[in-house]
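> For reference, the file work.txt (compact mmCIF, C-alpha atoms) is included below:
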```
# COMPACT_ATOMS: atom_id res chain seq x y z
CA MET A 40 -10.25 -42.04 27.75
CA THR A 41 -10.69 -44.04 24.60
CA GLY A 42 -9.61 -43.89 21.01
CA ILE A 43 -6.18 -43.00 19.72
CA ILE A 44 -3.30 -42.78 22.16
CA THR A 45 -1.74 -39.34 22.05
CA VAL A 46 1.90 -38.41 22.56
CA GLU A 47 0.86 -36.50 25.70
CA GLU A 48 -0.97 -39.50 27.20
CA LEU A 49 1.85 -41.90 26.48
CA THR A 50 4.43 -39.41 27.77
CA GLN A 51 2.57 -39.12 31.09
CA ALA A 52 2.16 -42.90 31.32
CA ILE A 53 5.90 -43.38 30.77
CA LYS A 54 6.77 -40.69 33.34
CA ASN A 55 4.40 -42.22 35.91
CA SER A 56 5.56 -45.81 35.39
CA PRO A 57 7.02 -47.34 38.54
CA ASN A 58 10.31 -48.20 36.82
CA ASN A 59 10.66 -44.76 35.19
CA ARG A 60 10.39 -42.40 38.16
CA GLY A 61 12.72 -39.48 37.59
CA ILE A 62 12.66 -39.61 33.78
CA ASP A 63 12.44 -36.07 32.47
CA GLU A 64 9.62 -34.76 30.29
CA GLU A 65 11.71 -34.46 27.13
CA GLU A 66 13.08 -38.01 27.34
CA ALA A 67 9.62 -39.46 28.05
CA SER A 68 8.15 -37.47 25.16
CA ASP A 69 10.90 -38.61 22.76
CA LEU A 70 10.29 -42.25 23.73
CA ALA A 71 6.52 -41.84 23.37
CA LEU A 72 6.88 -40.30 19.92
CA HIS A 73 9.37 -42.98 18.85
CA VAL A 74 7.03 -45.81 19.89
CA LEU A 75 3.92 -44.16 18.44
CA ASN A 76 5.68 -43.78 15.09
CA PHE A 77 5.78 -47.57 14.82
CA PHE A 78 2.09 -47.97 15.61
CA GLY A 79 0.59 -45.09 13.66
CA TYR A 80 -3.16 -45.62 13.93
CA SER A 81 -2.86 -49.38 14.42
CA GLU A 82 -3.61 -51.23 17.62
CA ARG A 83 -0.78 -53.68 17.11
CA ILE A 84 2.42 -54.04 15.15
CA ILE A 85 4.43 -57.02 14.05
CA ASP A 86 7.66 -57.61 15.97
CA ASN A 87 9.71 -58.27 12.81
CA ILE A 88 9.83 -54.56 11.91
CA LEU A 89 11.81 -53.67 15.05
CA GLU A 90 15.55 -53.25 15.24
CA PRO A 91 17.25 -54.63 18.37
CA GLU A 92 17.56 -51.20 20.05
CA ASP A 93 13.87 -50.48 19.33
CA ARG A 94 12.92 -53.85 20.75
CA ASP A 95 14.83 -52.99 23.94
CA ALA A 96 12.62 -49.91 24.39
CA PHE A 97 9.53 -52.05 23.79
CA TYR A 98 10.69 -54.56 26.41
CA MET A 99 11.16 -51.71 28.87
CA LEU A 100 7.60 -50.54 28.22
CA GLU A 101 6.40 -54.11 28.57
CA ASP A 102 8.08 -54.26 32.00
CA ASN A 103 6.01 -51.19 32.91
CA ALA A 104 2.81 -52.86 31.61
CA ILE A 105 2.37 -50.20 28.90
CA LEU A 106 2.88 -52.73 26.10
CA THR A 107 2.10 -56.40 25.87
CA THR A 108 2.74 -59.12 23.31
CA GLU A 109 0.66 -61.71 21.59
CA ARG A 110 1.41 -64.34 19.03
CA GLU A 111 -0.44 -66.01 16.24
CA GLU A 112 0.32 -69.44 14.90
CA THR A 113 -0.44 -70.59 11.40
CA THR A 114 0.35 -73.68 9.40
CA LEU A 115 2.34 -73.16 6.21
CA TYR A 116 1.48 -75.00 3.00
CA ASP A 117 4.30 -77.49 3.66
CA GLY A 118 2.91 -78.34 7.11
CA ARG A 119 5.34 -76.34 9.25
CA GLU A 120 4.05 -74.11 12.02
CA TRP A 121 4.80 -70.41 11.75
CA ARG A 122 4.59 -67.99 14.68
CA ILE A 123 4.00 -64.27 14.29
CA HIS A 124 4.71 -62.05 17.29
CA TYR A 125 2.91 -58.74 17.82
CA TRP A 126 3.20 -55.77 20.18
CA LEU A 127 0.05 -54.13 21.54
CA PHE A 128 -0.66 -51.12 23.71
CA ARG A 129 -2.33 -51.78 27.05
CA ARG A 130 -4.82 -48.95 26.83
CA ASP A 131 -6.17 -49.61 30.32
CA LYS A 132 -2.72 -49.27 31.91
CA ILE A 133 -1.84 -46.20 29.84
CA ASP A 134 -5.07 -44.52 30.97
CA GLU A 135 -4.38 -45.47 34.59
CA LEU A 136 -0.79 -44.19 34.54
CA ALA A 137 -1.66 -40.99 32.67
CA GLU A 138 -4.57 -40.36 35.06
CA ASN A 139 -2.28 -40.73 38.11
CA ARG A 140 -0.39 -37.67 36.90
CA THR A 141 -3.60 -35.71 36.60
CA LYS A 142 -4.75 -36.73 40.08
CA SER A 143 -1.41 -35.83 41.69
CA VAL A 144 -1.43 -32.41 40.00
CA GLU A 145 -5.02 -31.84 41.18
CA LYS A 146 -4.03 -32.72 44.77
CA GLU A 147 -1.05 -30.35 44.63
CA THR A 148 -3.26 -27.60 43.25
CA GLU A 149 -5.89 -28.15 45.98
CA ASN A 150 -3.32 -27.54 48.70
CA MET A 151 -1.79 -24.47 47.07
CA SER A 152 -2.65 -20.90 48.01
CA VAL A 153 -2.01 -17.75 46.02
CA TYR A 154 -0.05 -16.51 49.04
CA ASP A 155 2.40 -19.43 49.13
CA ASP A 156 4.85 -17.92 46.66
CA LEU A 157 4.96 -14.43 48.15
CA PRO A 158 8.15 -13.44 49.99
CA ASP A 159 7.89 -12.76 53.74
CA ASP A 160 8.82 -9.07 53.40
CA ILE A 161 5.70 -8.41 51.33
CA TRP A 162 3.74 -8.36 54.59
CA SER A 163 5.67 -5.37 55.96
CA ARG A 164 3.88 -2.05 55.88
CA GLY A 165 5.31 0.67 53.69
CA SER A 166 5.64 3.13 56.61
CA GLU A 167 7.92 0.77 58.57
CA GLN A 168 11.61 1.38 57.97
```
Please lay out the structure from this file as structure tokens.

Amino acid sequence: MTGIITVEELTQAIKNSPNNRGIDEEEASDLALHVLNFFGYSERIIDNILEPEDRDAFYMLEDNAILTTEREETTLYDGREWRIHYWLFRRDKIDELAENRTKSVEKETENMSVYDDLPDDIWSRGSEQ
């Protein structure tokens, strides 16, 4: 998978993160949409635009290796150093986590039979009473 990160991909990555086991689909989707709204089509965003509660969500995603940070240093005209902090998606980790969901669903599907969900009494003959 390459290109733009979709809400579905990020939702699955969040749900499959080691620290987020048990998070429901709606909550993971809401978080994915919230985070993607900051990024839009960009690969990175500047940290200064985040409110403290948004930053907390970003730190949580960083703990799950979905986001990472980087910083840039520049010298101002008066000689002072200025640091700019950015947030970036870790596309490789998002792909890996989203793919884990797909693989686990494929394994579950492999082991399923069309007969698994039928009740036991379905196997009784109609003439038996």
> Can you tell me, as a VMD selection string, what residues are no more than 7 Å from Arg129 of chain A when counting only C-alpha atoms, ignoring any on the same chain fewer than 3 positions away?
chain A and resid 104 to 107 132 to 133
> Using only C-alpha atoms, which of the listed residues (A:Phe97, A:Leu136, A:Tyr125, A:Leu115) sits closest to Leu75 of chain A?
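That would be A:Phe97, the residue with the smallest distance to Leu75 of chain A.
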> With all atoms listed in the file as the atoms that count, which of A:Thr45, A:Thr108, A:Ser68, A:Ser81 lies nearest to Leu127 of chain A?
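Closest candidate: A:Thr108.
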> Show which residues sit within 12 Å of Ser56 of chain A, as a ChimeraX atom specification. Count all atoms listed in the file, and ignore same-chain residues fewer than 5 positions away.
/A:49-51,61-62,67,99-106,132-140
> Any idea what the distance is between atom CA of Ile84 of chain A and atom CA of Phe128 of chain A?
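Atom CA of Phe128 of chain A lies at a distance of 9.6 Å from atom CA of Ile84 of chain A.
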> As an exercise, work out the distance from atom CA of Glu92 of chain A to atom CA of Ile44 of chain A in Å and give it to one decimal place.
22.6 Å
> Report, in Å to a single decimal, how far apart atom CA of Arg130 of chain A and atom CA of Gly42 of chain A are.
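That distance, rounded to one decimal, is 9.1 Å.
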